[in-house]
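Visitor: Below you'll find upload_35.tsv; it's TSV, C-alpha atoms.
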```tsv
chain	number	residue	atom	x	y	z
A	1	MET	CA	115.57	57.22	176.33
A	2	THR	CA	118.89	57.97	178.02
A	3	VAL	CA	121.37	59.25	175.45
A	4	ASP	CA	124.95	60.31	176.15
A	5	ILE	CA	126.91	62.76	174.03
A	6	LEU	CA	130.70	62.85	173.97
A	7	VAL	CA	131.91	66.26	172.80
A	8	ASN	CA	135.46	67.06	171.77
A	9	PRO	CA	135.68	70.87	172.05
A	10	ARG	CA	139.02	70.79	170.25
A	11	ALA	CA	137.52	69.28	167.09
A	12	ARG	CA	138.06	71.85	164.37
A	13	GLY	CA	134.42	71.91	163.30
A	14	ILE	CA	133.24	72.66	166.83
A	15	GLY	CA	136.06	75.00	167.75
A	16	ALA	CA	135.73	77.04	164.58
A	17	SER	CA	131.97	77.41	164.84
A	18	GLY	CA	130.36	78.57	168.06
A	19	SER	CA	126.98	78.14	166.37
A	20	LEU	CA	127.55	74.41	165.85
A	21	ARG	CA	128.43	73.88	169.50
A	22	ARG	CA	125.44	75.94	170.69
A	23	ALA	CA	123.10	74.02	168.39
A	24	LEU	CA	124.49	70.71	169.69
A	25	LEU	CA	124.08	71.69	173.33
A	26	ASP	CA	120.58	73.08	172.72
A	27	ALA	CA	119.51	69.83	171.06
A	28	ALA	CA	121.00	67.85	173.95
A	29	SER	CA	119.12	69.97	176.46
A	30	ARG	CA	115.81	69.52	174.64
A	31	GLY	CA	116.34	65.76	174.52
A	32	ARG	CA	117.63	65.59	178.11
A	33	ALA	CA	120.82	63.92	176.95
A	34	ARG	CA	123.84	63.71	179.22
A	35	VAL	CA	126.75	65.72	177.79
A	36	HIS	CA	130.37	64.77	178.50
A	37	THR	CA	132.95	67.35	177.38
A	38	THR	CA	136.35	65.69	177.03
A	39	THR	CA	139.58	67.60	176.49
A	40	SER	CA	142.05	64.74	176.99
A	41	LEU	CA	142.33	60.97	176.56
A	42	ASP	CA	142.00	60.56	180.33
A	43	ASP	CA	138.75	62.56	180.25
A	44	LEU	CA	137.47	60.33	177.48
A	45	GLU	CA	138.33	57.11	179.32
A	46	ARG	CA	136.61	58.33	182.47
A	47	ALA	CA	133.52	59.39	180.53
A	48	ALA	CA	133.33	56.05	178.70
A	49	HIS	CA	133.54	54.06	181.93
A	50	ASP	CA	130.98	56.37	183.59
A	51	ILE	CA	128.56	55.79	180.72
A	52	ALA	CA	129.10	52.03	180.92
A	53	ALA	CA	128.50	52.04	184.69
A	54	ARG	CA	125.31	54.09	184.46
A	55	GLY	CA	123.93	52.51	181.30
A	56	THR	CA	122.78	54.19	178.10
A	57	THR	CA	120.50	53.67	175.13
A	58	GLY	CA	122.96	55.31	172.74
A	59	VAL	CA	126.11	57.40	172.53
A	60	ILE	CA	126.64	60.25	170.09
A	61	VAL	CA	130.22	61.30	169.42
A	62	ALA	CA	130.67	64.90	168.26
A	63	GLY	CA	133.96	65.51	166.49
A	64	GLY	CA	135.95	64.50	163.44
A	65	ASP	CA	137.27	61.16	162.23
A	66	GLY	CA	140.02	60.99	164.86
A	67	THR	CA	137.56	61.83	167.64
A	68	HIS	CA	135.14	59.17	166.44
A	69	MET	CA	137.89	56.53	166.36
A	70	THR	CA	139.32	57.48	169.76
A	71	ALA	CA	135.89	57.56	171.41
A	72	LEU	CA	134.82	54.25	169.85
A	73	SER	CA	138.06	52.68	171.11
A	74	ALA	CA	137.44	53.99	174.64
A	75	LEU	CA	133.83	52.79	174.59
A	76	ALA	CA	134.97	49.33	173.44
A	77	ARG	CA	137.33	49.14	176.41
A	78	ALA	CA	134.58	50.25	178.79
A	79	PHE	CA	131.70	48.14	177.44
A	80	GLY	CA	133.54	45.12	176.08
A	81	PRO	CA	131.72	43.32	173.25
A	82	ASP	CA	128.30	44.80	174.15
A	83	LEU	CA	128.73	48.25	172.65
A	84	PRO	CA	125.71	50.57	172.74
A	85	PRO	CA	124.36	52.11	169.51
A	86	ILE	CA	126.68	54.87	168.27
A	87	GLY	CA	125.93	58.09	166.40
A	88	LEU	CA	128.74	59.91	164.61
A	89	ALA	CA	128.09	63.66	164.50
A	90	PRO	CA	130.26	65.11	161.67
A	91	CYS	CA	131.85	67.98	163.59
A	92	GLY	CA	135.37	67.78	162.11
A	93	THR	CA	136.89	69.42	159.07
A	94	VAL	CA	136.28	66.42	156.81
A	95	SER	CA	134.39	63.67	158.74
A	96	THR	CA	135.01	61.04	156.07
A	97	VAL	CA	133.67	58.09	158.07
A	98	ALA	CA	130.47	59.82	159.18
A	99	ARG	CA	129.73	60.78	155.59
A	100	ASN	CA	130.37	57.20	154.44
A	101	LEU	CA	127.79	56.12	157.00
A	102	GLY	CA	125.07	58.49	155.86
A	103	ALA	CA	125.78	62.03	157.12
A	104	ARG	CA	124.55	64.52	154.54
A	105	GLY	CA	124.33	68.30	154.19
A	106	GLY	CA	125.61	70.76	156.75
A	107	ALA	CA	127.14	69.50	159.98
A	108	ARG	CA	124.90	71.60	162.21
A	109	ALA	CA	121.60	70.46	160.68
A	110	TRP	CA	122.64	66.80	160.61
A	111	THR	CA	123.92	66.88	164.19
A	112	VAL	CA	120.72	68.47	165.53
A	113	ARG	CA	118.59	65.92	163.67
A	114	LEU	CA	120.76	63.05	164.93
A	115	VAL	CA	120.55	64.16	168.57
A	116	GLY	CA	116.80	64.74	168.34
A	117	ALA	CA	116.11	61.37	166.72
A	118	ALA	CA	118.32	59.47	169.19
A	119	CYS	CA	116.72	61.13	172.22
A	120	ALA	CA	113.22	60.45	170.89
A	121	GLY	CA	113.99	56.82	170.11
A	122	GLU	CA	113.33	57.45	166.42
A	123	ALA	CA	116.83	57.07	164.97
A	124	ARG	CA	117.46	54.64	162.18
A	125	ARG	CA	119.86	51.80	162.96
A	126	ARG	CA	122.26	49.97	160.71
A	127	PRO	CA	125.00	47.44	161.51
A	128	GLN	CA	128.54	48.45	160.62
A	129	LEU	CA	131.71	46.40	160.78
A	130	THR	CA	134.84	48.00	162.23
A	131	LEU	CA	138.58	47.34	162.24
A	132	ARG	CA	140.56	46.31	165.30
A	133	VAL	CA	144.12	47.61	164.96
A	134	ARG	CA	146.91	46.47	167.27
A	135	ASP	CA	150.55	47.57	167.08
A	136	ASP	CA	153.75	46.51	168.80
A	137	GLY	CA	153.75	49.72	170.82
A	138	GLY	CA	150.84	48.39	172.87
A	139	GLY	CA	148.15	50.31	171.03
A	140	GLU	CA	144.76	48.73	170.36
A	141	ARG	CA	142.15	50.83	168.60
A	142	ILE	CA	138.79	50.43	166.90
A	143	GLY	CA	138.32	52.32	163.65
A	144	PHE	CA	137.29	52.19	160.02
A	145	ILE	CA	140.17	53.15	157.66
A	146	PHE	CA	143.79	51.99	158.05
A	147	GLY	CA	146.55	53.23	155.80
A	148	ALA	CA	150.33	53.17	155.37
A	149	GLY	CA	152.76	54.33	152.72
A	150	LEU	CA	151.37	57.29	150.78
A	151	VAL	CA	148.42	57.55	153.20
A	152	ALA	CA	150.77	58.32	156.10
A	153	ARG	CA	152.96	60.61	153.96
A	154	PHE	CA	149.85	62.46	152.74
A	155	PHE	CA	148.69	63.18	156.28
A	156	ASP	CA	152.18	64.34	157.28
A	157	VAL	CA	151.96	66.99	154.54
A	158	TYR	CA	148.30	67.79	155.25
A	159	TYR	CA	148.76	68.38	158.98
A	160	ALA	CA	151.73	70.65	158.29
A	161	LEU	CA	149.46	73.06	156.38
A	162	PRO	CA	148.31	76.23	158.17
A	163	ARG	CA	144.67	75.30	157.51
A	164	GLN	CA	143.05	71.89	157.10
A	165	GLY	CA	139.85	70.93	155.34
A	166	ARG	CA	138.52	69.38	152.14
A	167	ALA	CA	139.93	72.13	149.93
A	168	SER	CA	143.41	71.82	151.44
A	169	ALA	CA	143.35	68.02	151.16
A	170	ALA	CA	142.19	68.23	147.54
A	171	ALA	CA	145.00	70.68	146.75
A	172	VAL	CA	147.62	68.28	148.14
A	173	ALA	CA	146.12	65.38	146.18
A	174	ALA	CA	146.09	67.43	142.96
A	175	ARG	CA	149.72	68.42	143.46
A	176	VAL	CA	150.73	64.79	143.97
A	177	PHE	CA	148.75	63.69	140.92
A	178	ALA	CA	150.29	66.35	138.67
A	179	GLY	CA	153.78	65.75	140.03
A	180	SER	CA	153.57	62.00	139.52
A	181	PHE	CA	153.68	62.44	135.73
A	182	VAL	CA	157.04	64.22	135.85
A	183	GLY	CA	158.44	62.61	138.99
A	184	SER	CA	158.49	65.83	141.02
A	185	VAL	CA	160.32	65.86	144.35
A	186	PHE	CA	157.02	66.51	146.14
A	187	ALA	CA	155.24	63.58	144.47
A	188	ARG	CA	158.15	61.25	145.14
A	189	ARG	CA	158.17	62.27	148.80
A	190	VAL	CA	154.46	61.58	149.29
A	191	LEU	CA	154.61	58.40	147.21
A	192	GLU	CA	157.72	57.08	148.91
A	193	PRO	CA	157.20	53.34	149.52
A	194	ALA	CA	157.01	51.83	152.99
A	195	ALA	CA	159.45	48.95	153.30
A	196	ALA	CA	157.40	46.17	154.85
A	197	THR	CA	156.55	42.49	154.84
A	198	VAL	CA	152.81	42.01	154.41
A	199	SER	CA	150.55	39.02	155.06
A	200	VAL	CA	146.85	38.80	154.22
A	201	ASP	CA	144.82	36.16	156.05
A	202	GLY	CA	148.07	34.49	157.08
A	203	ARG	CA	149.53	34.30	153.57
A	204	LEU	CA	152.73	36.18	152.79
A	205	VAL	CA	152.34	38.59	149.87
A	206	ASP	CA	155.07	39.08	147.25
A	207	GLY	CA	156.63	42.52	147.50
A	208	ARG	CA	158.70	44.34	150.13
A	209	ALA	CA	158.09	48.01	149.26
A	210	TRP	CA	154.51	49.33	149.36
A	211	THR	CA	153.69	52.75	147.94
A	212	LEU	CA	150.06	52.32	148.99
A	213	LEU	CA	148.54	50.08	151.64
A	214	VAL	CA	144.92	50.52	152.78
A	215	ALA	CA	142.41	48.39	154.71
A	216	SER	CA	138.90	49.71	155.17
A	217	VAL	CA	135.30	48.82	155.97
A	218	VAL	CA	134.02	51.87	154.01
A	219	ARG	CA	134.43	52.52	150.28
A	220	ASP	CA	135.39	56.20	150.26
A	221	VAL	CA	138.67	56.78	152.10
A	222	GLY	CA	138.39	60.55	151.57
A	223	LEU	CA	137.93	63.02	148.68
A	224	HIS	CA	135.76	60.41	146.94
A	225	PHE	CA	138.80	58.15	146.55
A	226	LEU	CA	137.08	54.77	146.17
A	227	VAL	CA	140.26	52.80	146.80
A	228	THR	CA	138.50	50.11	148.83
A	229	TYR	CA	135.58	49.74	146.43
A	230	ARG	CA	134.82	46.22	147.77
A	231	ALA	CA	134.61	47.29	151.41
A	232	ARG	CA	130.96	46.25	151.84
A	233	GLU	CA	131.22	43.08	149.76
A	234	GLN	CA	131.14	40.87	152.88
A	235	SER	CA	129.58	41.72	156.23
A	236	ASP	CA	132.37	40.04	158.20
A	237	ALA	CA	135.48	41.18	156.29
A	238	PHE	CA	137.26	44.30	155.05
A	239	HIS	CA	138.91	45.27	151.78
A	240	VAL	CA	142.72	45.41	151.54
A	241	VAL	CA	144.38	47.25	148.66
A	242	GLY	CA	148.12	47.61	148.14
A	243	SER	CA	150.45	48.70	145.38
A	244	GLY	CA	154.21	48.65	145.06
A	245	LEU	CA	154.31	50.76	141.89
A	246	PRO	CA	156.58	53.83	141.76
A	247	ALA	CA	155.16	57.37	141.64
A	248	ARG	CA	155.25	57.65	137.83
A	249	ARG	CA	153.06	54.54	137.44
A	250	LEU	CA	150.77	54.83	140.46
A	251	GLY	CA	149.85	58.53	140.34
A	252	PRO	CA	148.29	58.40	136.85
A	253	GLN	CA	145.86	55.72	138.09
A	254	LEU	CA	143.92	58.33	140.08
A	255	PRO	CA	140.98	58.23	137.59
A	256	ARG	CA	140.56	54.52	138.37
A	257	VAL	CA	140.43	55.31	142.09
A	258	LEU	CA	137.82	58.02	141.60
A	259	THR	CA	135.56	55.62	139.71
A	260	GLY	CA	135.98	52.64	142.03
A	261	ARG	CA	138.03	50.44	139.71
A	262	PRO	CA	140.94	48.17	140.71
A	263	LEU	CA	144.51	49.35	140.45
A	264	ARG	CA	146.76	47.79	137.84
A	265	GLY	CA	150.35	46.61	137.95
A	266	GLU	CA	152.39	44.36	140.21
A	267	PRO	CA	153.13	43.96	143.05
A	268	ARG	CA	149.52	44.46	144.00
A	269	ILE	CA	147.02	43.45	146.71
A	270	ASP	CA	143.26	43.45	146.14
A	271	ALA	CA	141.52	41.15	148.59
A	272	VAL	CA	138.55	40.92	150.90
A	273	ALA	CA	140.06	39.64	154.12
A	274	ARG	CA	139.78	39.25	157.87
A	275	ALA	CA	143.42	39.81	158.80
A	276	LEU	CA	146.26	42.03	157.60
A	277	ASP	CA	149.72	41.83	159.15
A	278	VAL	CA	152.27	44.56	158.37
A	279	ARG	CA	155.86	44.37	159.60
A	280	PHE	CA	157.94	47.39	158.70
A	281	ASP	CA	161.56	46.72	157.81
A	282	GLY	CA	164.19	48.44	159.94
A	283	ALA	CA	162.96	51.42	161.95
A	284	PRO	CA	159.30	51.86	162.89
A	285	ASP	CA	157.20	53.60	160.25
A	286	ARG	CA	154.01	55.62	160.43
A	287	TYR	CA	150.48	54.41	159.85
A	288	VAL	CA	147.12	56.13	159.90
A	289	LEU	CA	143.82	55.11	161.46
A	290	ASP	CA	140.88	57.40	160.65
A	291	GLY	CA	143.13	60.38	160.14
A	292	ASP	CA	145.24	59.97	163.29
A	293	THR	CA	148.88	58.97	162.80
A	294	PHE	CA	150.92	56.51	164.87
A	295	ALA	CA	154.38	54.95	164.66
A	296	ALA	CA	155.04	51.21	165.00
A	297	GLY	CA	157.31	48.42	163.89
A	298	ALA	CA	154.46	45.97	163.35
A	299	VAL	CA	150.70	46.35	162.98
A	300	GLU	CA	147.91	43.78	162.97
A	301	VAL	CA	144.59	44.76	161.41
A	302	GLY	CA	141.65	42.49	162.09
A	303	VAL	CA	137.88	42.45	162.20
A	304	GLY	CA	136.55	44.68	164.96
A	305	PRO	CA	133.17	44.66	166.69
A	306	LEU	CA	129.93	45.07	164.78
A	307	VAL	CA	128.54	48.47	165.76
A	308	THR	CA	124.96	49.71	165.48
A	309	ILE	CA	125.14	53.13	163.81
A	310	LEU	CA	122.43	55.70	164.56
A	311	SER	CA	121.21	58.23	162.01
A	312	PRO	CA	118.17	60.51	161.60
A	313	PRO	CA	115.07	58.99	159.95
```
Turn the structure described in the file into structure tokens.
Guide:
Amino acid sequence: MTVDILVNPRARGIGASGSLRRALLDAASRGRARVHTTTSLDDLERAAHDIAARGTTGVIVAGGDGTHMTALSALARAFGPDLPPIGLAPCGTVSTVARNLGARGGARAWTVRLVGAACAGEARRRPQLTLRVRDDGGGERIGFIFGAGLVARFFDVYYALPRQGRASAAAVAARVFAGSFVGSVFARRVLEPAAATVSVDGRLVDGRAWTLLVASVVRDVGLHFLVTYRAREQSDAFHVVGSGLPARRLGPQLPRVLTGRPLRGEPRIDAVARALDVRFDGAPDRYVLDGDTFAAGAVEVGVGPLVTILSPP
């Protein structure tokens, strides 16, 4: 077996823990995997094309959600539609997507098991749909969770914190939830609607201001928020959820999100779809793909390639 490992040394999980990086490299050495350390987007593009030229039986990406999305996008450009099997090592602060796709327990133990199983040809394989996200700035990316409105505002607040991680994210969410009942300035800022025209599968949706807009191929979009509870309902489509409710009416619905129940109130979107078109009114607005933020005037979310996901037996 010839396995390649893409390592982002700047991923917070790897950078904060020398033991995790040593364990990863030791497992790669035992399995005779080729390790590619990438510190920039150019490094990643070169590594992806090198892997495609030399051939591989699988690629493991070590990093967080943003690293996984960026690497998968680069590999899709290098390989075209014939992507190799992919393993997502949860080496970020949260690693929401990897945990949706089976990662359990501590990051170090899971990563070592994943590398060992992939190198021995013993990894489990499961098909996983992805999203293909294009924007009018020329960006085209492959990922799993798209969000706008409060999702983008949430990450703006989260990334401004001195420390990131599950506890910090949960604290921000709790503050928004509590503030939504009284209409606090903080809650209103995070829950500020995105002014946009939205179409789902080519049909224009009523509503021009969206407090929440999410499209995902996984159910848990972070912190056990089961917003897209129908994400695996169809193997060739994703779940789109939107709400135009103000902070005072949307925030109190958090218990429904935690238990995987639909949101209430209009305007609302709750559909399994193959295409989502978002056109922001006026100036470009921010959107999020797997934890990374981008700015655009228009975004098209469609069905991405079907990826074979590797995991330990």
Visitor: Taking the point (154.6, 56.7, 138.2) as given in the file, collect each protein or nucleic acid residue that comes within 12 Å of it, counting only C-alpha atoms, and present the set as a list in words.
Guide: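 I get Val176, Phe177, Ala178, Gly179, Ser180, Phe181, Val182, Gly183, Ser184, Ala187, Arg188, Leu191, Glu192, Thr211, Ser243, Gly244, Leu245, Pro246, Ala247, Arg248, Arg249, Leu250, Gly251, Pro252, Gln253, Leu254, Arg264 and Gly265 of chain A for the residues within 12 Å of that point.
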Visitor: Provide the atom CA of Met69 of chain A to atom CA of Phe294 of chain A distance in Å, to one decimal place.
Guide: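 So the two atoms, atom CA of Met69 of chain A and atom CA of Phe294 of chain A, lie 13.1 Å apart.
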Visitor: Just the number, please: distance in Å from atom CA of Pro127 of chain A to atom CA of Thr308 of chain A, one decimal.
Guide: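 Between atom CA of Pro127 of chain A and atom CA of Thr308 of chain A the gap is 4.6 Å.
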Visitor: Can you list, as a ChimeraX atom specification, every protein, DNA or RNA residue that comes within 9 Å of Met1 of chain A when you count only C-alpha atoms, leaving out same-chain residues fewer than 2 positions away?
Guide: /A:3,31-33,56-58,118-121
Visitor: Tell me, in Å to one decimal, how far atom CA of Asp290 of chain A is from atom CA of Leu213 of chain A.
Guide: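 Spanning atom CA of Asp290 of chain A to atom CA of Leu213 of chain A is a straight-line distance of 13.9 Å.
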Visitor: Excluding same-chain residues fewer than 6 positions from Gly242 of chain A, what lies within 9 Å of it counting only C-alpha atoms, as a list in words?
Guide: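 Near neighbours after the sequence-gap exclusion: Trp210, Thr211, Leu212, Leu213, Val214, Ala215, Leu263, Pro267, Arg268, Ile269 and Asp270 of chain A.
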Visitor: Please determine, counting only C-alpha atoms, which residue among A:Pro255, A:Gly66, A:Gly18, A:Pro262 has the shortest atom-to-atom distance to Gly92 of chain A.
Guide: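 Comparing A:Pro255, A:Gly66, A:Gly18, A:Pro262 against Gly92 of chain A, the winner is A:Gly66.
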Visitor: Identify which of the residues A:Val7, A:Ala167, A:Ile86, A:Ala296 lies closest to Ala47 of chain A, counting all atoms listed in the file when measuring atom-to-atom distances.
Guide: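 The shortest atom-to-atom distance to Ala47 of chain A comes from A:Val7.
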Visitor: Pick from A:Ala27, A:Val61, A:Val288, A:Val278: nearest to Ile145 of chain A, with only C-alpha atoms counted?
Guide: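 Once distances to Ile145 of chain A are computed over only C-alpha atoms, the minimum belongs to A:Val288.
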Visitor: Just the residues within 10 Å of segment 223-231 of chain A, please, counting all atoms listed in the file, with nothing from its chain fewer than 2 positions along; format it as number ranges by chain.
Guide: A: 94, 96, 100, 129, 145, 166-167, 169-170, 173, 213-221, 233-235, 237-242, 254-263, 270-273
Visitor: Can you complete the atoms of segment 33-51 of chain A to N, CA and C atoms and list them as a short mmCIF file (atom, residue, chain, number, x, y, z; two decimals), in the frame of the given file?
Guide:
```cif
data_model
loop_
_atom_site.label_atom_id
_atom_site.label_comp_id
_atom_site.auth_asym_id
_atom_site.auth_seq_id
_atom_site.Cartn_x
_atom_site.Cartn_y
_atom_site.Cartn_z
N ALA A 33 119.66 64.79 177.09
CA ALA A 33 120.82 63.92 176.95
C ALA A 33 121.90 64.34 177.93
N ARG A 34 122.71 63.41 178.33
CA ARG A 34 123.84 63.71 179.22
C ARG A 34 125.04 64.07 178.35
N VAL A 35 125.63 65.23 178.60
CA VAL A 35 126.75 65.72 177.79
C VAL A 35 128.05 65.55 178.57
N HIS A 36 129.05 64.97 177.90
CA HIS A 36 130.37 64.77 178.50
C HIS A 36 131.38 65.51 177.62
N THR A 37 131.94 66.59 178.11
CA THR A 37 132.95 67.35 177.38
C THR A 37 134.32 66.81 177.75
N THR A 38 135.06 66.32 176.76
CA THR A 38 136.35 65.69 177.03
C THR A 38 137.46 66.46 176.32
N THR A 39 138.47 66.84 177.07
CA THR A 39 139.58 67.60 176.49
C THR A 39 140.89 66.81 176.49
N SER A 40 140.85 65.57 176.95
CA SER A 40 142.05 64.74 176.99
C SER A 40 141.63 63.27 176.88
N LEU A 41 142.62 62.41 176.63
CA LEU A 41 142.33 60.97 176.56
C LEU A 41 141.87 60.44 177.91
N ASP A 42 142.43 60.98 178.99
CA ASP A 42 142.00 60.56 180.33
C ASP A 42 140.55 60.94 180.56
N ASP A 43 140.15 62.15 180.14
CA ASP A 43 138.75 62.56 180.25
C ASP A 43 137.85 61.58 179.51
N LEU A 44 138.28 61.21 178.32
CA LEU A 44 137.47 60.33 177.48
C LEU A 44 137.32 58.95 178.12
N GLU A 45 138.40 58.42 178.66
CA GLU A 45 138.33 57.11 179.32
C GLU A 45 137.39 57.15 180.51
N ARG A 46 137.50 58.22 181.31
CA ARG A 46 136.61 58.33 182.47
C ARG A 46 135.15 58.44 182.04
N ALA A 47 134.89 59.23 181.01
CA ALA A 47 133.52 59.39 180.53
C ALA A 47 132.98 58.07 180.00
N ALA A 48 133.78 57.33 179.25
CA ALA A 48 133.33 56.05 178.70
C ALA A 48 132.98 55.07 179.80
N HIS A 49 133.82 54.99 180.83
CA HIS A 49 133.54 54.06 181.93
C HIS A 49 132.35 54.53 182.75
N ASP A 50 132.16 55.84 182.88
CA ASP A 50 130.98 56.37 183.59
C ASP A 50 129.71 56.00 182.84
N ILE A 51 129.73 56.14 181.53
CA ILE A 51 128.56 55.79 180.72
C ILE A 51 128.26 54.30 180.85
#
```
